[in-house]
Amino acid sequence: MKTSYLKSPDLLPVKEKDRKITKLGYSFMWVGMVVVLATFAIGGAGVMSLPLPLVLLATLIGSIGIGLFITLTGDIGVEHGLSFPVYMRAPFGTLGTHIPSIVRGVAASMWFGINTYFGATAMNGILNLLYGFDNWFVCFMIFALLQLVNTALGIKAVERFADLAAPVIILISVWMYSSLSDTAAAQGRDIWNWVESPVTGGAAVTAFLVVIFSNMGFWATLAADIPSISRYMKAPRNEKNWFKRNRSSLIGNLITLPITQTFMVLIGAVSYIAVLNYDPVIALQEAAGGLVLGILLLMIVLAQWSTNIAANVVPAATIFSNVGGPKFPFWAGVFTAGIVGTLVQPWNLFGVIIPVLLFVGGILSAIVGILVADYYLIRKRRVNVPALYEDHGQYKYMNGVNLAGFISWVIGAVASYFVPSFSFLVGFGAGAICYYVLAKYWWFQKYEQAELLDPDDNKYLGISAGRDWEIDVEADKSVEKAPTGTSATI
């Protein structure tokens with residue numbers, strides 16, 4: 001019997017025994033993920049109009065805020081072992097899931113390209129120091145291939161690399177900060193008071209908000225598809241308490257992310273204060289030399305590698321695998337992400353990073369709002385998981401499309417576009433409210449949902465009810481394993 005395109009092996013629910021990412025491993029992944037050019041750009045752009053303490057305060061607020069949203073959506077992966085594109089079949093339909101998923105997949109691939117270019121310039125700088133070699137495009141292709149092979153080996157290889165890279169990144173980041181601070185001091189600039197073009201009053205408030213929502217907008221991408229990573233995180237079986245079940249997420253998203261993000265924004269700001277360029281690769285090449293420069297550039301390479309494989313390639317590959325079906329495995333999705341990330345010519349995208357962060361953040365924030373409304377407010381975390389893998393199940397809706405999800409997405413995205421300084425919150429709120437009303441009082445009146453008709457924890461909860469979801473990839477019916485070890489057909 002032909003296997004349904006919905007049942008790609010790489011997209012099946014992850015069982016408890018296969019969840020390998022530890023609390024420390026997830027935090028280490030965050031250490032690497034935030035060291036990207038966009039983070040440094042936020043710091044550099046911030047000190048153009050605000051003093052550094054205000055830039056750091058805004059960053060801390062924005063990072064804690066987005067960390068909370070990431071934790072909320074992350075429970076989808078923790079509770080049910082589901083990836084982002086598979087759960088999106090609930091609010092968007094078995095066919096409709098592909099459209100918002102591909103938007104996220106292309107965005108992730110673009111960031112892969114941008115970060116790879118950033119890392120390639122650092123790699124080129126190292127090779128230039130050692131051997132006089134100077135060809136950033138060759139470095140780009142080699143660096144991209146290394147990252148893609150690493151990711152194709154699986155999530156454990158991703159975590160192992162993060163474990164290796166994170167301590168090195170922490171140590172070298174402190175060194176980088178010290179080096180750039182000395183350069184700023186030599187220019188006669190006090191990093192805590194210097195501002196390029198100070199603003200006051202309403203303009204200062206707007207600048208402060210831009211920093212907050214730039215940070216939130218950048219990580220809105222991960223707030224949408226964090227289930228693709230969180231489904232691999234270790235979690236206690238039969239744990240009803242949401243906070244205890246999501247302890248790893250809470251530590252990584254509300255402690256490690258804000259601290260590391262704020263420190264990297266600090267480095268970007270100090271880099272701009274020192275040489276009027278937020279790109280630390282350029283700043284360090286002007287401020288340091290020899291072995292010191294080589295080591296600092298090595299940190300940039302390791303950081304981009306760690307960031308890309310976890311935050312960009314894994315989510316993008318999962319999405320492309322979902323679109324391609326059973327004959328398009330995860331590793332093929334990995335290399336598709338690499339091809340897309342190269343074709344967009346990321347070396348030409350640097351000048352528009354902040355506007356792009358706000359725009360993309362608004363579009364994706366509506367999806368985050370829809371996910372939260374669907375998972376928490378409507379289904380109350382209970383999900384008919386086997387039906388997500390059925391061609392003619394409850395999530396097929398109207399020819400595979402949930403119109404409530406699409407209408408809400410358009411309204412949320414458009415609303416966020418007109419208020420860029422508040423894009424994330426406006427997009428999230430509009431998307432969530434519209435979806436809740438349309439789905440609950442219109443769409444789900446037409447298309448009944450089993451978990452709403454019979455909200456039974458023992459039927460529709462995952463790990464908190466002691467359940468590993470099992471999907472029969474051959475039969476028309478899906479089977480789930482009950483806590484007792486017996487099988488029950490839904």
# chains A, B, ... in the order shown; residues from 1 in each chain; ligands from 1
$ closest_atom_pairs --of "segment 58-110 of chain A" --to "segment 223-227 of chain A" --cutoff "12 Å" --atoms "only C-alpha atoms" --output "tab-separated table"
residue	atom	partner	partner_atom	distance
A:Ser63	CA	A:Ala223	CA	11.6
A:Gly65	CA	A:Ala223	CA	10.8
A:Ile66	CA	A:Ala223	CA	7.3
A:Gly67	CA	A:Ala223	CA	8.0
A:Leu68	CA	A:Ala223	CA	8.9
A:Phe69	CA	A:Ala223	CA	6.1
A:Ile70	CA	A:Ala223	CA	4.2
A:Thr71	CA	A:Ala223	CA	7.8
A:Leu72	CA	A:Ala223	CA	8.4
A:Thr73	CA	A:Ala223	CA	6.6
A:Gly74	CA	A:Pro227	CA	4.9
A:Asp75	CA	A:Pro227	CA	7.2
A:Ile76	CA	A:Pro227	CA	5.8
A:Gly77	CA	A:Pro227	CA	4.2
A:Val78	CA	A:Pro227	CA	7.4
A:Glu79	CA	A:Pro227	CA	9.7
A:His80	CA	A:Pro227	CA	9.4
A:Gly81	CA	A:Pro227	CA	7.8
A:Leu82	CA	A:Pro227	CA	6.4
A:Ser83	CA	A:Pro227	CA	5.0
A:Phe84	CA	A:Asp225	CA	4.9
A:Pro85	CA	A:Asp225	CA	7.8
A:Val86	CA	A:Pro227	CA	9.6
A:Tyr87	CA	A:Pro227	CA	8.7
A:Met88	CA	A:Asp225	CA	9.6
A:Pro100	CA	A:Ala224	CA	10.2
A:Ser101	CA	A:Asp225	CA	8.8
A:Ile102	CA	A:Asp225	CA	11.6
A:Val103	CA	A:Ala224	CA	11.2
A:Arg104	CA	A:Asp225	CA	8.1
A:Gly105	CA	A:Asp225	CA	9.5
A:Ala107	CA	A:Asp225	CA	11.6
A:Ala108	CA	A:Asp225	CA	10.1
$ write_last_selection --atoms "N, CA, C and O atoms" --output "CSV table (one decimal), in the first residue's frame"
chain,number,residue,atom,x,y,z
A,63,SER,N,14.2,40.4,24.6
A,63,SER,CA,14.6,39.0,24.6
A,63,SER,C,13.8,38.2,25.6
A,63,SER,O,13.4,37.0,25.3
A,65,GLY,N,10.7,38.9,26.4
A,65,GLY,CA,9.4,38.8,25.8
A,65,GLY,C,9.3,37.7,24.8
A,65,GLY,O,8.4,36.9,24.8
A,66,ILE,N,10.3,37.7,23.9
A,66,ILE,CA,10.2,36.7,22.8
A,66,ILE,C,10.5,35.3,23.4
A,66,ILE,O,10.0,34.3,22.9
A,67,GLY,N,11.3,35.3,24.4
A,67,GLY,CA,11.6,34.0,25.1
A,67,GLY,C,10.4,33.3,25.7
A,67,GLY,O,10.2,32.1,25.6
A,68,LEU,N,9.5,34.2,26.2
A,68,LEU,CA,8.2,33.6,26.7
A,68,LEU,C,7.4,33.0,25.5
A,68,LEU,O,6.8,31.9,25.7
A,69,PHE,N,7.3,33.7,24.4
A,69,PHE,CA,6.5,33.2,23.3
A,69,PHE,C,7.1,31.9,22.7
A,69,PHE,O,6.4,31.0,22.4
A,70,ILE,N,8.5,31.9,22.7
A,70,ILE,CA,9.2,30.7,22.2
A,70,ILE,C,8.8,29.5,23.2
A,70,ILE,O,8.6,28.4,22.7
A,71,THR,N,8.8,29.7,24.5
A,71,THR,CA,8.4,28.7,25.4
A,71,THR,C,7.0,28.2,25.2
A,71,THR,O,6.7,27.0,25.3
A,72,LEU,N,6.1,29.1,25.0
A,72,LEU,CA,4.7,28.8,24.8
A,72,LEU,C,4.5,27.8,23.6
A,72,LEU,O,3.9,26.8,23.7
A,73,THR,N,5.0,28.2,22.5
A,73,THR,CA,4.9,27.3,21.3
A,73,THR,C,5.8,26.1,21.4
A,73,THR,O,5.4,25.1,20.8
A,74,GLY,N,6.8,26.2,22.1
A,74,GLY,CA,7.7,25.0,22.3
A,74,GLY,C,7.1,23.8,22.9
A,74,GLY,O,7.4,22.7,22.7
A,75,ASP,N,6.0,24.1,23.7
A,75,ASP,CA,5.3,23.0,24.4
A,75,ASP,C,4.7,22.0,23.4
A,75,ASP,O,4.4,20.9,23.7
A,76,ILE,N,4.4,22.5,22.2
A,76,ILE,CA,3.8,21.6,21.2
A,76,ILE,C,4.8,20.5,20.9
A,76,ILE,O,4.3,19.3,20.8
A,77,GLY,N,6.0,20.8,20.8
A,77,GLY,CA,7.0,19.7,20.6
A,77,GLY,C,7.3,18.9,21.8
A,77,GLY,O,7.4,17.7,21.8
A,78,VAL,N,7.3,19.6,23.0
A,78,VAL,CA,7.6,18.9,24.2
A,78,VAL,C,6.5,17.9,24.6
A,78,VAL,O,6.7,16.7,24.9
A,79,GLU,N,5.2,18.4,24.5
A,79,GLU,CA,4.1,17.6,24.8
A,79,GLU,C,3.8,16.4,23.9
A,79,GLU,O,3.5,15.3,24.3
A,80,HIS,N,3.8,16.7,22.6
A,80,HIS,CA,3.4,15.8,21.6
A,80,HIS,C,4.5,15.3,20.7
A,80,HIS,O,4.2,14.3,19.9
A,81,GLY,N,5.7,15.8,20.7
A,81,GLY,CA,6.8,15.4,19.9
A,81,GLY,C,6.6,15.8,18.4
A,81,GLY,O,7.1,15.2,17.5
A,82,LEU,N,5.8,16.8,18.2
A,82,LEU,CA,5.4,17.2,16.8
A,82,LEU,C,6.3,18.4,16.3
A,82,LEU,O,6.7,19.3,17.1
A,83,SER,N,6.6,18.4,15.0
A,83,SER,CA,7.3,19.5,14.4
A,83,SER,C,6.4,20.6,14.0
A,83,SER,O,5.2,20.4,14.0
A,84,PHE,N,6.9,21.7,13.7
A,84,PHE,CA,6.2,22.9,13.3
A,84,PHE,C,5.2,22.6,12.1
A,84,PHE,O,4.0,22.9,12.1
A,85,PRO,N,5.8,22.1,10.9
A,85,PRO,CA,4.9,22.0,9.8
A,85,PRO,C,3.8,20.9,10.0
A,85,PRO,O,2.7,21.1,9.4
A,86,VAL,N,4.0,19.9,10.9
A,86,VAL,CA,3.0,18.9,11.1
A,86,VAL,C,1.9,19.5,12.0
A,86,VAL,O,0.7,19.4,11.7
A,87,TYR,N,2.2,20.3,13.0
A,87,TYR,CA,1.2,20.9,13.9
A,87,TYR,C,0.4,21.9,13.1
A,87,TYR,O,-0.8,22.1,13.3
A,88,MET,N,1.1,22.6,12.2
A,88,MET,CA,0.4,23.6,11.4
A,88,MET,C,-0.7,23.1,10.5
A,88,MET,O,-1.6,23.8,10.0
A,100,PRO,N,2.3,28.9,4.7
A,100,PRO,CA,3.0,29.6,5.8
A,100,PRO,C,4.3,28.9,6.1
A,100,PRO,O,5.3,29.5,6.5
A,101,SER,N,4.3,27.5,6.0
A,101,SER,CA,5.6,26.8,6.3
A,101,SER,C,6.7,27.1,5.3
A,101,SER,O,7.8,27.4,5.7
A,102,ILE,N,6.3,27.2,4.1
A,102,ILE,CA,7.4,27.6,3.1
A,102,ILE,C,7.9,29.0,3.3
A,102,ILE,O,9.1,29.3,3.1
A,103,VAL,N,7.0,29.9,3.7
A,103,VAL,CA,7.4,31.3,4.0
A,103,VAL,C,8.5,31.2,5.1
A,103,VAL,O,9.5,31.9,5.0
A,104,ARG,N,8.2,30.5,6.1
A,104,ARG,CA,9.2,30.3,7.2
A,104,ARG,C,10.4,29.6,6.7
A,104,ARG,O,11.6,30.0,7.0
A,105,GLY,N,10.3,28.6,5.9
A,105,GLY,CA,11.4,27.8,5.4
A,105,GLY,C,12.3,28.7,4.5
A,105,GLY,O,13.6,28.6,4.6
A,107,ALA,N,12.5,32.0,4.7
A,107,ALA,CA,13.2,33.0,5.6
A,107,ALA,C,14.3,32.3,6.4
A,107,ALA,O,15.4,32.9,6.5
A,108,ALA,N,14.2,31.1,6.8
A,108,ALA,CA,15.2,30.4,7.5
A,108,ALA,C,16.4,30.2,6.6
A,108,ALA,O,17.6,30.3,7.0
$ residues_around --residues "segment 334-350 of chain A" --least-positions-apart "6" --cutoff "7 Å" --atoms "only C-alpha atoms" --output "PyMOL selection string"
chain A and resi 109-110+112-114+117+144+148+152+313+316-317
$ write_last_selection --atoms "N, CA and C atoms" --output "mmCIF file, in the first residue's frame"
data_model
loop_
_atom_site.group_PDB
_atom_site.id
_atom_site.type_symbol
_atom_site.label_atom_id
_atom_site.label_comp_id
_atom_site.auth_asym_id
_atom_site.auth_seq_id
_atom_site.Cartn_x
_atom_site.Cartn_y
_atom_site.Cartn_z
ATOM 1 N N SER A 109 16.133 29.810 5.336
ATOM 2 C CA SER A 109 17.202 29.589 4.356
ATOM 3 C C SER A 109 17.952 30.890 4.070
ATOM 4 N N MET A 110 17.221 32.012 4.013
ATOM 5 C CA MET A 110 17.867 33.306 3.804
ATOM 6 C C MET A 110 18.819 33.621 4.957
ATOM 7 N N PHE A 112 20.213 31.442 6.859
ATOM 8 C CA PHE A 112 21.359 30.531 6.714
ATOM 9 C C PHE A 112 22.390 31.153 5.785
ATOM 10 N N GLY A 113 21.919 31.707 4.658
ATOM 11 C CA GLY A 113 22.841 32.325 3.716
ATOM 12 C C GLY A 113 23.562 33.527 4.299
ATOM 13 N N ILE A 114 22.796 34.394 5.002
ATOM 14 C CA ILE A 114 23.396 35.591 5.606
ATOM 15 C C ILE A 114 24.460 35.201 6.637
ATOM 16 N N TYR A 117 27.542 33.724 4.988
ATOM 17 C CA TYR A 117 28.396 34.766 4.408
ATOM 18 C C TYR A 117 29.199 35.474 5.491
ATOM 19 N N ALA A 144 29.427 26.540 3.877
ATOM 20 C CA ALA A 144 28.042 26.075 3.721
ATOM 21 C C ALA A 144 27.994 24.557 3.708
ATOM 22 N N LEU A 148 25.968 21.985 6.318
ATOM 23 C CA LEU A 148 24.891 21.145 5.817
ATOM 24 C C LEU A 148 25.156 19.673 6.131
ATOM 25 N N ALA A 152 22.822 17.295 8.440
ATOM 26 C CA ALA A 152 22.253 16.086 7.850
ATOM 27 C C ALA A 152 22.519 14.852 8.709
ATOM 28 N N VAL A 313 18.837 25.721 9.636
ATOM 29 C CA VAL A 313 18.812 24.562 8.746
ATOM 30 C C VAL A 313 17.839 23.489 9.226
ATOM 31 N N ALA A 316 14.202 24.679 8.504
ATOM 32 C CA ALA A 316 13.960 24.739 7.061
ATOM 33 C C ALA A 316 13.911 23.340 6.454
ATOM 34 N N ALA A 317 14.831 22.478 6.862
ATOM 35 C CA ALA A 317 14.867 21.117 6.326
ATOM 36 C C ALA A 317 13.613 20.350 6.703
#
$ closest_residue --among "A:Ala203, A:Leu403, A:Lys396, A:Tyr435" --to "Glu448 of chain A" --atoms "only C-alpha atoms"
A:Lys396
$ residues_around --residues "Lys15 of chain A" --least-positions-apart "2" --cutoff "9 Å" --atoms "only C-alpha atoms" --output "list of chain:residue names"
A:Pro13, A:Lys17, A:Asp18, A:Arg19, A:His80, A:Gly81, A:Arg231, A:Tyr232, A:Ile463, A:Arg467, A:Asp468, A:Trp469, A:Glu470
$ residues_around --residues "Thr200 of chain A" --least-positions-apart "4" --cutoff "12 Å" --atoms "only C-alpha atoms" --output "tab-separated table (two decimals) with N, CA and C atoms, in the first residue's frame"
chain	number	residue	atom	x	y	z
A	49	SER	N	21.30	56.40	18.07
A	49	SER	CA	20.36	57.39	18.61
A	49	SER	C	20.12	57.28	20.11
A	50	LEU	N	20.57	56.19	20.75
A	50	LEU	CA	20.35	56.00	22.19
A	50	LEU	C	21.65	55.65	22.88
A	51	PRO	N	21.81	56.03	24.15
A	51	PRO	CA	22.99	55.60	24.90
A	51	PRO	C	22.94	54.09	25.13
A	195	VAL	N	26.86	58.65	21.96
A	195	VAL	CA	25.74	58.42	21.03
A	195	VAL	C	26.05	59.22	19.76
A	204	ALA	N	12.95	59.37	21.07
A	204	ALA	CA	13.69	58.43	21.92
A	204	ALA	C	12.84	57.22	22.26
A	205	VAL	N	11.56	57.47	22.55
A	205	VAL	CA	10.64	56.35	22.84
A	205	VAL	C	10.53	55.43	21.63
A	206	THR	N	10.39	56.02	20.45
A	206	THR	CA	10.30	55.21	19.23
A	206	THR	C	11.57	54.40	19.00
A	207	ALA	N	12.73	55.04	19.21
A	207	ALA	CA	14.01	54.33	19.03
A	207	ALA	C	14.13	53.17	20.02
A	208	PHE	N	13.66	53.41	21.25
A	208	PHE	CA	13.69	52.37	22.28
A	208	PHE	C	12.82	51.18	21.86
$ atom_distance --atom1 "atom CA of Pro329 of chain A" --atom2 "atom CA of Pro9 of chain A"
7.7 Å
$ residues_around --residues "segment 253-260 of chain A" --least-positions-apart "5" --cutoff "12 Å" --atoms "only C-alpha atoms" --output "PyMOL selection string"
chain A and resi 23-36+39-40+56-74+166+169-170+173-174+212+215-216+219+222-223+226+230+246-248+265-267
$ residues_around --residues "segment 381-394 of chain A" --least-positions-apart "6" --cutoff "7 Å" --atoms "only C-alpha atoms" --output "CSV table (one decimal) with N, CA and C atoms, in the first residue's frame"
chain,number,residue,atom,x,y,z
A,6,LEU,N,1.6,12.5,3.9
A,6,LEU,CA,1.6,13.2,5.2
A,6,LEU,C,2.5,12.4,6.2
A,7,LYS,N,3.0,11.2,5.9
A,7,LYS,CA,3.6,10.4,6.8
A,7,LYS,C,5.1,10.2,6.5
A,86,VAL,N,4.0,19.9,10.9
A,86,VAL,CA,3.0,18.9,11.1
A,86,VAL,C,1.9,19.5,12.0
A,89,ARG,N,-0.8,21.8,10.4
A,89,ARG,CA,-2.0,21.2,9.7
A,89,ARG,C,-3.3,21.4,10.5
A,375,TYR,N,-3.6,26.1,20.0
A,375,TYR,CA,-3.1,25.1,20.9
A,375,TYR,C,-3.6,25.3,22.3
A,449,GLN,N,-14.1,18.9,15.6
A,449,GLN,CA,-12.8,18.5,16.1
A,449,GLN,C,-13.0,17.5,17.2
A,450,ALA,N,-12.4,16.3,17.1
A,450,ALA,CA,-12.6,15.3,18.1
A,450,ALA,C,-12.2,15.7,19.5
A,451,GLU,N,-11.1,16.4,19.6
A,451,GLU,CA,-10.6,16.8,20.9
A,451,GLU,C,-11.4,17.9,21.6
A,455,PRO,N,-12.9,16.3,25.2
A,455,PRO,CA,-11.6,16.8,25.7
A,455,PRO,C,-11.0,15.9,26.8
A,457,ASP,N,-8.1,13.9,28.5
A,457,ASP,CA,-6.6,13.9,28.6
A,457,ASP,C,-6.0,12.6,28.2
A,460,TYR,N,-6.0,12.6,24.3
A,460,TYR,CA,-5.5,13.6,23.4
A,460,TYR,C,-4.3,14.4,24.0
A,461,LEU,N,-3.8,14.0,25.2
A,461,LEU,CA,-2.5,14.6,25.6
A,461,LEU,C,-1.4,13.6,25.3
A,471,ILE,N,2.4,6.3,14.8
A,471,ILE,CA,1.6,6.5,13.6
A,471,ILE,C,1.9,5.3,12.7
A,478,SER,N,-4.5,5.5,11.8
A,478,SER,CA,-3.3,5.8,12.6
A,478,SER,C,-3.6,5.2,14.0
A,479,VAL,N,-2.5,4.7,14.6
A,479,VAL,CA,-2.6,4.1,15.9
A,479,VAL,C,-1.8,4.8,16.9
A,480,GLU,N,-2.3,5.0,18.1
A,480,GLU,CA,-1.6,5.6,19.1
A,480,GLU,C,-1.4,4.7,20.3
$ select_by_dssp --residues "segment 318-381 of chain A" --states "helix (DSSP H, G or I)" --output "VMD selection string"
chain A and resid 318 to 324 330 to 343 346 to 348 350 to 378
$ atom_distance --atom1 "atom CA of Thr97 of chain A" --atom2 "atom CA of Glu16 of chain A"
25.6 Å
$ residues_around --residues "Gly324 of chain A" --least-positions-apart "2" --cutoff "12 Å" --atoms "only C-alpha atoms" --output "list of chain:residue names"
A:Ser4, A:Tyr5, A:Leu6, A:Lys7, A:Ser8, A:Pro9, A:Asp10, A:Leu11, A:Pro85, A:Leu95, A:His98, A:Ile102, A:Ala317, A:Thr318, A:Ile319, A:Phe320, A:Ser321, A:Asn322, A:Pro326, A:Lys327, A:Phe328, A:Pro329, A:Phe330, A:Trp331, A:Ala332, A:Gly333, A:Thr336
